[in-house]
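Here is input03.cif, consisting of mmCIF, C-alpha atoms:
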data_query
loop_
_atom_site.label_atom_id
_atom_site.label_comp_id
_atom_site.auth_asym_id
_atom_site.auth_seq_id
_atom_site.Cartn_x
_atom_site.Cartn_y
_atom_site.Cartn_z
CA MET A 1 0.00 0.00 0.00
CA THR A 2 1.29 3.46 -0.92
CA LEU A 3 0.17 6.48 1.13
CA LEU A 4 0.71 10.06 0.04
CA LEU A 5 1.44 12.14 3.13
CA ASN A 6 2.09 15.83 3.60
CA PRO A 7 3.82 16.04 7.00
CA ALA A 8 4.95 19.28 8.54
CA ARG A 9 8.59 20.10 9.09
CA TYR A 10 8.11 19.51 12.82
CA HIS A 11 6.91 15.94 12.24
CA LEU A 12 9.76 15.25 9.85
CA SER A 13 12.27 16.39 12.46
CA LEU A 14 10.72 13.97 14.97
CA LEU A 15 11.07 11.08 12.50
CA GLU A 16 14.74 11.96 12.05
CA ARG A 17 15.40 12.18 15.80
CA GLY A 18 13.79 8.95 16.95
CA VAL A 19 12.79 5.40 16.07
CA ILE A 20 9.33 4.51 14.75
CA LYS A 21 7.61 2.20 17.22
CA SER A 22 4.13 1.91 15.70
CA PHE A 23 2.15 2.96 12.63
CA GLN A 24 -1.65 3.07 12.50
CA ILE A 25 -4.23 4.12 9.92
CA VAL A 26 -7.38 5.42 11.61
CA LYS A 27 -10.67 6.44 10.02
CA LYS A 28 -12.33 9.31 11.81
CA SER A 29 -15.12 11.62 10.61
CA HIS A 30 -15.01 10.11 7.11
CA LYS A 31 -11.29 10.86 6.87
CA PHE A 32 -8.22 8.68 7.19
CA HIS A 33 -5.49 9.68 9.64
CA VAL A 34 -2.06 8.22 10.19
CA HIS A 35 -0.78 7.83 13.76
CA VAL A 36 2.96 7.33 14.03
CA LYS A 37 4.60 6.69 17.39
CA VAL A 38 8.20 7.83 17.57
CA GLU A 39 10.47 7.20 20.55
CA TYR A 40 13.62 9.19 21.24
CA ASP A 41 15.74 10.13 24.23
CA ALA A 42 15.69 13.68 25.57
CA PRO A 43 18.80 14.43 27.67
CA GLU A 44 18.02 15.69 31.15
CA ARG A 45 18.93 19.28 31.84
CA PRO A 46 20.01 20.71 35.19
CA VAL A 47 17.55 22.98 36.97
CA SER A 48 18.37 26.04 39.04
CA GLY A 49 14.98 26.80 40.55
CA VAL A 50 11.28 26.02 40.69
CA LEU A 51 8.45 27.71 38.85
CA GLY A 52 5.22 27.37 40.82
CA VAL A 53 2.11 27.61 38.64
CA ASP A 54 -1.48 28.12 39.77
CA LEU A 55 -3.94 27.62 36.91
CA GLY A 56 -7.12 29.66 36.80
CA MET A 57 -10.18 30.43 34.72
CA LYS A 58 -10.12 34.22 34.40
CA ARG A 59 -6.35 34.38 34.64
CA SER A 60 -4.90 31.43 32.79
CA ALA A 61 -1.99 31.07 35.19
CA ALA A 62 -0.19 32.85 38.03
CA THR A 63 3.49 31.93 38.17
CA VAL A 64 6.17 32.56 40.80
CA LEU A 65 9.85 31.81 40.19
CA LEU A 66 11.55 30.40 43.31
CA LYS A 67 15.31 30.05 43.62
CA PRO A 68 17.37 28.82 46.60
CA ASP A 69 18.75 31.55 48.84
CA GLU A 70 17.28 34.32 46.68
CA ARG A 71 14.69 36.84 47.71
CA LEU A 72 11.57 37.25 45.65
CA SER A 73 11.40 40.36 43.51
CA PRO A 74 8.70 41.86 41.26
CA LYS A 75 10.29 40.00 38.33
CA SER A 76 9.53 36.70 40.08
CA PHE A 77 5.78 37.15 39.53
CA LEU A 78 3.95 36.80 36.25
CA THR A 79 0.30 36.46 35.24
CA LEU A 80 -0.62 34.77 31.95
CA ARG A 81 -3.92 35.39 30.22
CA GLU A 82 -5.62 33.83 27.19
CA GLY A 83 -7.80 36.62 25.90
CA GLU A 84 -7.53 35.54 22.27
CA LYS A 85 -8.76 32.03 23.07
CA ASN A 86 -11.79 33.30 24.97
CA HIS A 87 -12.57 35.82 22.23
CA ARG A 88 -12.42 33.17 19.51
CA LEU A 89 -14.56 30.67 21.45
CA ASN A 90 -17.15 33.35 22.21
CA GLN A 91 -17.34 34.15 18.51
CA LEU A 92 -17.94 30.49 17.69
CA ASN A 93 -20.58 30.19 20.41
CA ARG A 94 -22.48 33.16 19.00
CA LEU A 95 -22.22 31.75 15.48
CA VAL A 96 -23.54 28.37 16.59
CA SER A 97 -26.45 30.04 18.38
CA GLU A 98 -27.35 32.01 15.26
CA LEU A 99 -27.23 28.90 13.07
CA GLN A 100 -29.38 26.99 15.53
CA ARG A 101 -32.02 29.71 15.49
CA ALA A 102 -31.93 29.77 11.69
CA GLU A 103 -32.11 25.93 11.58
CA ARG A 104 -29.11 25.74 9.25
CA TYR A 105 -28.16 22.19 10.17
CA GLU A 106 -25.68 21.56 7.35
CA ALA A 107 -23.60 24.52 8.46
CA LEU A 108 -23.80 23.29 12.06
CA LYS A 109 -22.42 19.90 11.00
CA ARG A 110 -19.38 21.58 9.48
CA LEU A 111 -18.76 23.39 12.78
CA ARG A 112 -19.34 20.31 14.91
CA HIS A 113 -15.72 19.97 16.07
CA LYS A 114 -14.56 23.52 15.40
CA ARG A 115 -14.74 24.73 19.02
CA LYS A 116 -12.83 21.71 20.25
CA HIS A 117 -10.08 22.17 17.68
CA VAL A 118 -9.76 25.89 18.47
CA ALA A 119 -9.53 25.17 22.22
CA GLU A 120 -6.91 22.47 21.64
CA TYR A 121 -4.85 24.80 19.45
CA PHE A 122 -4.76 27.59 22.03
CA ASP A 123 -4.11 25.14 24.89
CA ARG A 124 -1.12 23.76 23.00
CA PHE A 125 0.12 27.28 22.28
CA PHE A 126 -0.25 28.18 25.98
CA ALA A 127 1.64 25.03 27.00
CA LYS A 128 4.52 25.94 24.68
CA ARG A 129 4.61 29.45 26.11
CA LEU A 130 4.68 28.17 29.67
CA ALA A 131 7.38 25.62 28.81
CA GLY A 132 9.48 28.39 27.29
CA LEU A 133 9.12 30.59 30.37
CA SER A 134 10.24 27.76 32.67
CA GLU A 135 13.47 26.86 30.86
CA GLY A 136 16.09 25.73 33.35
CA CYS A 137 13.54 25.26 36.14
CA LEU A 138 11.51 22.45 37.57
CA LEU A 139 7.87 23.29 36.93
CA ALA A 140 5.34 22.52 39.66
CA VAL A 141 1.76 23.01 38.46
CA GLY A 142 -1.30 22.70 40.65
CA HIS A 143 -3.88 20.14 39.57
CA PRO A 144 -7.42 21.13 40.69
CA LYS A 145 -8.43 17.51 41.00
CA GLY A 146 -12.08 16.95 41.83
CA ILE A 147 -13.13 20.60 41.50
CA LYS A 148 -15.78 19.79 38.89
CA TYR A 149 -17.23 17.00 41.01
CA GLU A 150 -17.55 19.33 44.00
CA SER A 151 -19.48 21.89 41.93
CA PHE A 152 -22.55 19.71 41.59
CA LYS A 153 -25.91 20.91 40.33
CA GLY A 154 -27.95 22.58 43.05
CA ASN A 155 -25.05 23.87 45.15
CA GLY A 156 -26.04 27.49 44.47
CA LYS A 157 -22.98 28.23 42.30
CA ARG A 158 -24.45 28.18 38.83
CA ARG A 159 -22.02 30.74 37.40
CA LEU A 160 -19.04 28.79 38.72
CA ARG A 161 -20.30 25.58 37.14
CA LYS A 162 -20.64 27.35 33.80
CA LEU A 163 -17.04 28.58 34.01
CA LEU A 164 -15.76 25.15 34.99
CA THR A 165 -17.43 23.58 31.97
CA GLY A 166 -15.11 25.45 29.62
CA TRP A 167 -11.96 25.07 31.73
CA SER A 168 -9.69 22.46 30.14
CA TYR A 169 -7.11 22.27 32.95
CA GLY A 170 -6.47 18.54 32.43
CA ARG A 171 -5.57 19.01 28.78
CA ILE A 172 -3.37 22.02 29.58
CA ILE A 173 -1.40 20.05 32.18
CA LYS A 174 -1.03 17.16 29.74
CA TYR A 175 0.32 19.45 27.03
CA VAL A 176 2.70 21.17 29.46
CA VAL A 177 4.14 17.82 30.57
CA GLU A 178 4.62 16.78 26.93
CA GLU A 179 6.28 20.03 25.89
CA ARG A 180 8.70 20.01 28.81
CA ALA A 181 9.48 16.30 28.37
CA GLU A 182 10.74 17.12 24.87
CA ARG A 183 13.06 19.70 26.44
CA GLY A 184 14.35 17.24 29.05
CA VAL A 185 13.16 19.18 32.09
CA PRO A 186 10.97 17.71 34.86
CA THR A 187 7.36 18.65 35.59
CA GLU A 188 5.35 17.89 38.73
CA ALA A 189 1.54 18.02 38.81
CA VAL A 190 0.40 18.18 42.44
CA ASN A 191 -2.94 18.45 44.17
CA GLU A 192 -3.55 22.14 44.81
CA ARG A 193 -6.16 21.69 47.54
CA TRP A 194 -5.83 24.40 50.24
CA SER A 195 -2.91 26.00 48.38
CA SER A 196 -4.63 29.38 48.04
CA ARG A 197 -5.99 29.36 51.59
CA THR A 198 -2.77 28.32 53.33
CA CYS A 199 -0.35 31.13 54.18
CA TRP A 200 2.91 30.37 52.39
CA LYS A 201 4.95 32.15 55.04
CA CYS A 202 3.70 30.56 58.29
CA HIS A 203 1.90 27.56 56.69
CA SER A 204 -1.22 28.35 58.70
CA ARG A 205 -4.78 27.88 57.48
CA ASN A 206 -5.97 30.53 59.89
CA THR A 207 -6.74 32.77 56.93
CA GLU A 208 -9.72 34.58 55.52
CA ARG A 209 -10.60 34.96 51.86
CA ILE A 210 -11.53 38.64 51.58
CA ASN A 211 -12.37 38.33 47.90
CA GLN A 212 -11.41 36.18 44.94
CA SER A 213 -7.98 37.84 44.63
CA THR A 214 -6.92 38.44 48.23
CA ILE A 215 -6.50 36.51 51.47
CA TRP A 216 -5.72 37.77 54.96
CA CYS A 217 -3.50 35.74 57.31
CA TRP A 218 -4.46 36.21 60.96
CA ASN A 219 -1.10 34.84 62.15
CA CYS A 220 1.07 37.12 60.01
CA CYS A 221 -1.47 39.99 59.95
CA LYS A 222 -0.70 40.52 56.27
CA TYR A 223 -2.50 40.49 52.95
CA PHE A 224 -1.45 38.16 50.15
CA ASN A 225 -2.54 37.75 46.58
CA ALA A 226 -4.41 34.44 46.58
CA ASP A 227 -3.15 33.26 43.18
CA TYR A 228 0.51 34.02 43.87
CA ASN A 229 0.19 32.59 47.37
CA ALA A 230 -1.08 29.33 45.82
CA ALA A 231 1.75 29.29 43.27
CA ILE A 232 4.35 29.65 46.04
CA ASN A 233 2.75 26.85 48.09
CA ILE A 234 2.75 24.61 45.01
CA GLY A 235 6.42 25.23 44.25
CA LEU A 236 7.93 25.33 47.75
CA PRO A 237 7.94 21.55 48.42
CA PHE A 238 10.23 21.06 45.42
CA LEU A 239 12.70 23.80 46.30
CA ALA A 240 15.93 22.88 48.05
CA LYS A 241 16.65 24.99 51.14
CA ALA A 242 13.21 26.53 50.91
CA ALA A 243 12.94 27.13 54.65
CA GLY A 244 16.11 29.26 54.73
CA ARG A 245 15.29 31.52 51.79
CA GLY A 246 14.09 34.37 53.96
CA ALA A 247 11.99 35.73 51.10
CA GLU A 248 9.28 38.30 51.65
CA VAL A 249 6.17 38.64 49.49
CA GLU A 250 4.17 41.80 49.87
CA PRO A 251 0.95 42.59 47.96
CA ALA A 252 2.62 45.57 46.29
CA GLN A 253 5.23 43.25 44.78
CA THR A 254 2.69 41.01 43.11
CA GLY A 255 1.63 43.63 40.62
CA ASP A 256 -2.00 42.58 41.04
CA GLU A 257 -4.69 45.26 40.72
CA GLN A 258 -6.50 44.32 43.91
CA ALA A 259 -3.23 43.94 45.80
CA ARG A 260 -2.15 47.45 44.86
CA GLU A 261 -5.42 48.84 46.14
CA ILE A 262 -4.91 47.40 49.61
CA ALA A 263 -1.13 47.74 49.76
CA ALA A 264 -1.54 50.87 51.85
CA CYS A 265 -3.12 48.85 54.68
CA LYS A 266 -0.58 48.29 57.44
CA PRO A 267 -0.13 44.89 59.11
CA GLY A 268 -2.41 44.68 62.11
CA SER A 269 -4.97 47.12 60.72
CA GLN A 270 -8.55 46.30 59.86
CA HIS A 271 -9.18 44.61 56.56
CA PRO A 272 -11.99 45.70 54.19
CA SER A 273 -14.57 43.44 55.87
CA GLY A 274 -14.36 45.69 58.96
CA VAL A 275 -13.07 42.98 61.29
CA GLY A 276 -10.01 43.98 63.28
CA SER A 277 -6.82 41.99 63.65
CA SER A 278 -7.38 41.46 67.37
CA ARG A 279 -9.12 38.17 66.62
CA ALA A 280 -7.65 35.30 68.63
CA THR A 281 -5.47 32.91 66.63
#
Encoded form using structure tokens:
Amino acid sequence: MTLLLNPARYHLSLLERGVIKSFQIVKKSHKFHVHVKVEYDAPERPVSGVLGVDLGMKRSAATVLLKPDERLSPKSFLTLREGEKNHRLNQLNRLVSELQRAERYEALKRLRHKRKHVAEYFDRFFAKRLAGLSEGCLLAVGHPKGIKYESFKGNGKRRLRKLLTGWSYGRIIKYVVEERAERGVPTEAVNERWSSRTCWKCHSRNTERINQSTIWCWNCCKYFNADYNAAINIGLPFLAKAAGRGAEVEPAQTGDEQAREIAACKPGSQHPSGVGSSRAT
């Protein structure tokens, strides 16, 4: 059998680098696809730090770069957003709604898998971007395991359930692991439960979530950005000499809009809910 293929340059480079382990011809959606499994060795690279990553829905990711015996600086914090992906998916959703109202079923069939392909493309692009930012570092990404099961129907959080439906965190983590494996750098996906509500500095859960972006630690009497706090908690267990870093994270350093608004509040003062810091801990 002779097959005429038109592979991309990327796929040709993979065939040159590795050994073909399997070859399959698959029929899907009235089209034939070729699946080729190639195996090659990626040399391990040394790492000099840890990049903690907290995935989100509105903000795609909050990252904090942690290095042994180095203080955190404003350059250590970075927020990634996927505005283009959301814009494109919203366009497709509106188009599908219009076609459904007009009962144009043939056009709907042609768009049947379009949203999925667009989401996969942008997720892969985001994974490559995150892999490029974490060169030379071990990447620790939080896995929100079970979050969709906890947001069951009837729990009074309808808007949250709608947001979770379009959040492809599992696919993003999978793509990130694949991209970094090709570069020979390790990736750790850990359960992120309690990461945003645990103070990274004193490891206490005696905290209060003031709003979606900010938490207040009653032990430290300080404000922290919730996303960056989670990213630090995710990355700290994989950082050598983490306990002796002596780093300080202040809300003003995070560069977050909400954090800048409350940066003027002094430790020990009342937080925006009106409750004073004299609460027993």
I need the output of the PyMOL selection byres ((chain A and resi 213) around 7) for this file as a PyMOL selection string; which residues are they?
chain A and resi 211-212+214+225-227+258
Would you kindly return, as an mmCIF file with C-alpha atoms, in the frame of the given file, each protein, DNA or RNA residue with an atom no farther than 6 Å from any atom of stretch 78-81 of chain A, considering only C-alpha atoms and excluding same-chain residues fewer than 6 positions away?
data_model
loop_
_atom_site.group_PDB
_atom_site.id
_atom_site.type_symbol
_atom_site.label_atom_id
_atom_site.label_comp_id
_atom_site.auth_asym_id
_atom_site.auth_seq_id
_atom_site.Cartn_x
_atom_site.Cartn_y
_atom_site.Cartn_z
ATOM 1 C CA ARG A 59 -6.350 34.380 34.640
ATOM 2 C CA SER A 60 -4.900 31.430 32.790
ATOM 3 C CA ALA A 61 -1.990 31.070 35.190
ATOM 4 C CA ALA A 62 -0.190 32.850 38.030
ATOM 5 C CA THR A 63 3.490 31.930 38.170
#
How many Å separate atom CA of A:Lys58 from atom CA of A:Pro74?
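So the two atoms, atom CA of A:Lys58 and atom CA of A:Pro74, lie 21.4 Å apart.
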Using all atoms listed in the file, can you list as a ChimeraX atom specification the residues within 12 Å of (3.6, 16.5, 13.3)?
/A:5-15,33-38
A:Ala189 environment, 8 Å, all atoms listed in the file, sequence neighbours closer than 3 positions dropped, as a ChimeraX atom specification
/A:140-143,173
Please write as an mmCIF file with C-alpha atoms, keeping the file's coordinate frame the full residue list that the PyMOL selection byres ((chain A and resi 220) around 9) yields on this file.
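Generated output (selection-v1.cif):
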data_model
loop_
_atom_site.group_PDB
_atom_site.id
_atom_site.type_symbol
_atom_site.label_atom_id
_atom_site.label_comp_id
_atom_site.auth_asym_id
_atom_site.auth_seq_id
_atom_site.Cartn_x
_atom_site.Cartn_y
_atom_site.Cartn_z
ATOM 1 C CA CYS A 199 -0.350 31.130 54.180
ATOM 2 C CA LYS A 201 4.950 32.150 55.040
ATOM 3 C CA CYS A 202 3.700 30.560 58.290
ATOM 4 C CA TRP A 216 -5.720 37.770 54.960
ATOM 5 C CA CYS A 217 -3.500 35.740 57.310
ATOM 6 C CA TRP A 218 -4.460 36.210 60.960
ATOM 7 C CA ASN A 219 -1.100 34.840 62.150
ATOM 8 C CA CYS A 221 -1.470 39.990 59.950
ATOM 9 C CA LYS A 222 -0.700 40.520 56.270
ATOM 10 C CA TYR A 223 -2.500 40.490 52.950
ATOM 11 C CA PRO A 267 -0.130 44.890 59.110
ATOM 12 C CA GLY A 268 -2.410 44.680 62.110
#
Of the candidates A:Ser29, A:Ser48, A:Thr165, A:Asn86, which one gets nearest to A:Leu65 if we count all atoms listed in the file?
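Using all atoms listed in the file, A:Leu65 sits closest to A:Ser48.
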What does the distance between atom CA of A:Gly56 and atom CA of A:Lys128 come to in Å, to one decimal place?
17.2 Å
Residues matched by the PyMOL selection byres ((chain A and resi 132) around 12), written as JSON, numbers by chain
{"A": [51, 125, 126, 127, 128, 129, 130, 131, 133, 134, 135, 136, 137, 139, 176, 179, 180, 182, 183, 185]}
Go through A:Trp167, A:Ile215, A:Ala230, A:Leu89 and flag the residue nearest A:Trp200, using all atoms listed in the file for the distances.
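Selected residue with least distance to A:Trp200: A:Ala230.
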Might I get the box with edges along x, y and z of the file that holds all atoms of stretch 91-104 of chain A listed there, padded by 8 Å on every side, given as centre and edge lengths in Å to one decimal, as lines of an AutoDock Vina configuration file?
center_x = -24.7
center_y = 29.9
center_z = 14.8
size_x = 30.8
size_y = 24.4
size_z = 27.2
Identify, on the basis of all atoms listed in the file, every residue whose closest approach to A:Arg171 does not exceed 9 Å; exclude the query and any residue fewer than 2 positions from it along the same chain; express the result as number ranges by chain.
A: 120, 123-124, 168-169, 173-176
In Å, rounded to a single decimal, give me how far atom CA of A:Gln24 is from atom CA of A:Glu39.
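Pair atom CA of A:Glu39 / atom CA of A:Gln24 returns 15.1 Å.
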